[in-house]
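See structure below.
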2 protein chains.
Amino acid sequence: MFSSLLLHKLFVMIKKICFIILLFAAQISFAQNDSLVIKTFFNEELSKGKSYELLDHLSNKIGGRLSGSPQAQQAVDWGKRTMEYLGFDKVWLQELMVPHWIRGEKEKAKILSGKEKIDVRICALGNSIGTGAKGISANVIEVKSLSELEKLGRKNIEGKIIFYNRAMNPTLISTGSAYGGAVDQRGSGAIEAAKYGAIGVVVRSMTLAMDDYPHTGAMRYKDSVTKIPACAISTIGATKLSEAIKLDANTQFYFKQTCEMLPDVQSFNVVGEIKGSVFPDEIILVGGHLDAWDNGDGAHDDGTGVVQSIEALRLFKALGIRPKRTIRAVLFMNEENGVRGGNKYAEIAEKNHEKHIAAIESDGGGFTPRAFDVEGDVIEKMQPWVQLLKPYGIHEIKSGHGGTDIGPLKKQGVILIGYECDSQRYFDYHHTEIDTFDKVNKRELELGTANIAALLWLISEYGF
Amino acid sequence: MFSSLLLHKLFVMIKKICFIILLFAAQISFAQNDSLVIKTFFNEELSKGKSYELLDHLSNKIGGRLSGSPQAQQAVDWGKRTMEYLGFDKVWLQELMVPHWIRGEKEKAKILSGKEKIDVRICALGNSIGTGAKGISANVIEVKSLSELEKLGRKNIEGKIIFYNRAMNPTLISTGSAYGGAVDQRGSGAIEAAKYGAIGVVVRSMTLAMDDYPHTGAMRYKDSVTKIPACAISTIGATKLSEAIKLDANTQFYFKQTCEMLPDVQSFNVVGEIKGSVFPDEIILVGGHLDAWDNGDGAHDDGTGVVQSIEALRLFKALGIRPKRTIRAVLFMNEENGVRGGNKYAEIAEKNHEKHIAAIESDGGGFTPRAFDVEGDVIEKMQPWVQLLKPYGIHEIKSGHGGTDIGPLKKQGVILIGYECDSQRYFDYHHTEIDTFDKVNKRELELGTANIAALLWLISEYGF
């Protein structure tokens, strides 16, 4: 009935079908094994995890730990001791020099409007100079953007205090995007105002909440422009100040801050790793930053990233899972006001010809998981992993920002990955006195840790 | 060159291609319009939303509002007044009778172990009888499940207090599932223990947190079984009690509660609606429950569901969007200890031959959005909507539980939909004194409201 050609064609077709079936079966068992390993990370972390306990220590026993402070050194010692205690294969410090800015006495501020004196809550912006012991007061001019200064010109600005009052945009769903759209006022506000002869700046706090907590954060100076003092005012204070100016254009603002920048001091990144069993020279980094602003306890920013990085490695040890590639936890120093730790790390990696295949950073708080954000052309390759992580709250692996500390590794061709957790509450606490341990939910923190461990494992198994 | 047949075929093919292009273009503009409308809900809610302000009133001016309490009546009055003030087309009350359980004096409890007396924090379980003014004390037997009682038998249980101490499973990612796996101890624990002659039960609080807040919640009796008093103990208290029993098998437990069930009283569901412009007889319901346990302020359970339901309708009015189908907000009474409101609503709907095409419930707290859970065979049809809601945190429309209050509508063929927000923090607060306004994040609440409004709009536009 059949010609030999037909028989041959049939045979080829059957072979193809068998191959497809085998391939499909292999993929299923591959996916099943992956799921099982990932589930063990979550089981361990949610029932016997150490993330919360580590964060309790870092937040409550050490607290705020700005670069150059005694607490920053305590955090370095604690980080090294902890990773040694957990039995990582190798733990070491990377020496670097960091800026040493101190806040000085508690800041004071008043709105002086007609006969009224209204106390408002402010804090010095990081890196700012002080006002002198008597403080400064002057007429205050409200603007909503840096570009308004040019229109106002020197005649309207000279000798005055500039009040930057552009709110973060509440209609953006990502609060990080809303922050990005407002933070130029904090970073460059003093430089721009000084160009027109202003004597100080006061910046609306970077938050979407209406409350009385001033939010600190880094500001910059430029060598060619006069340095003037800069502070942040709470959103309630900003509202009062704006109302006072509307009622009386001659409203004055008084503030006093005794902060100052001291000479650079020695500090350290803390590094610990577990060696890969098959490709020990291929490194997958996971990190957060160890320094934190002095006004709070740096629980969400970035205590959570620090403990998640340590704990993600601990999970491998606790479960007896040896990664194929080397996994390395890095606690970076000085993200907040200099990124010296991130730069130093990349410099050493380059000098030592280390091969980092990926770097993951957790620096968006310890909230419930949402996504991984990737810089590098591996997003397609990572898509099958979404299905594995979806049961645990990671619904997307997409293009996005990796992280500030790992940023300097980019030019070495390293894939950068940011752990993205839910952003809605982050700026309620960010850089304030209420960035404290009680604001972190144990399970949300742990889910982040286990998702990061799962991603480390997937990359260590399959590479890029 | 071409035969007329070929020309005809070519013509048909071109017609087909044009049709496909037009269809594709129409679909794009259709999706674009949907996105634009949905975006307006979010813009309005995140910049000028009233959810938070409404919740502030309900939580802080009224507070806990258990069925039959004066606060429950205040909440009814407030709900009606609010919807009238907002100008809904029609606002009315549905009368019903509700159980009236009162807690009485502050509960007391002690572990009596050897010479030690350890005070522990408890609260009466809802619907429980009291212990009498002197309280009760007896040897206490720890079990982890209802089925253990049978093995112990009457000889080991008679005259004793049973301590149910099976913890919620922390390795389940959905805390609702973990709750579902433990809550039989609270609901049926007293019935089962009384069958073997126990004189009281103490139940480990339904939470994954280790803290000192006892969690109340409904328990049941059976007419044929002796009623014995039942209380919940905090997880810290449960740990202490378990340790004491391990050290001394003769450990006694003492507790006193003066709660009691009074005769049923009159109460109300509160209903408000905006009439559909094209299909006014097709109703899409959105609801939450107005009653809340007396020990806290019922902020997350279920103040958030109540204000989201009201506010979702207000958004249509504020934006001048007339829904094609009628949208109706229902504030159900008595979800916590009877579901009389849900039953009454369904009964009236059936009697009046109302055509509900869908009912949405928000009763999982006011946390960041995750999904919509659907009971009914429309999940396939709803899938294209996921893409529209994904930018706002809804990553899935999937099979799942609709809600307790809307449950009785199911047998009328109504599609039930539960708004699922992130579950990690819910049971930290659920049924405790710390279910208060400050535990709700304004933006997380608002994102839920706007997602619910968007879903109402999609159903009202496209039907099922």
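Please note that chains go A, B, ... in the order of the structure tokens, that every chain numbers its residues from 1, and that ligands are numbered from 1 in the order shown.
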
Problem - Residue list for chain A near chain B as a ChimeraX atom specification, 6 Å, only C-alpha atoms - result: /A:43,46-47,170-171

Practice task
Please give the complete set of residues from segment 214-359 of chain A that DSSP, run on the backbone, assigns to alpha helix (DSSP H), formatted as a ChimeraX atom specification.
Solution key: /A:235-247,304-319,340-351

Practice task
Could you check which of A:Ile310, A:Arg81, A:Glu150, A:Thr432 is closest to Asp212 of chain A, using only C-alpha atoms?
Solution key: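 The shortest atom-to-atom distance to Asp212 of chain A comes from A:Thr432.
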
Problem - Every residue of segment 228-416 of chain A that DSSP places in strand (DSSP E), as a PyMOL selection string - result: chain A and resi 230-233+252-256+260-274+279-289+325-332+355-361+369-375+396-399+415-416

Practice task
For Thr226 of chain A, please output as number ranges by chain all residues within 8 Å (counting only C-alpha atoms; exclusion window: fewer than 5 positions along the same chain).
Solution key: A: 191, 194-195

Problem - Selected residue, from A:Ser277, A:Ser177, A:Thr436, A:Ser362, that lies nearest to Gly63 of chain A when counting only C-alpha atoms - result: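 Smallest distance to Gly63 of chain A is found for A:Thr436.
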
Exercise for the section: Could you jot down the atom CA of Ala371 of chain A to atom CA of Asp297 of chain A separation for me, Å, one decimal place? Expected result: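 That distance, rounded to one decimal, is 26.0 Å.
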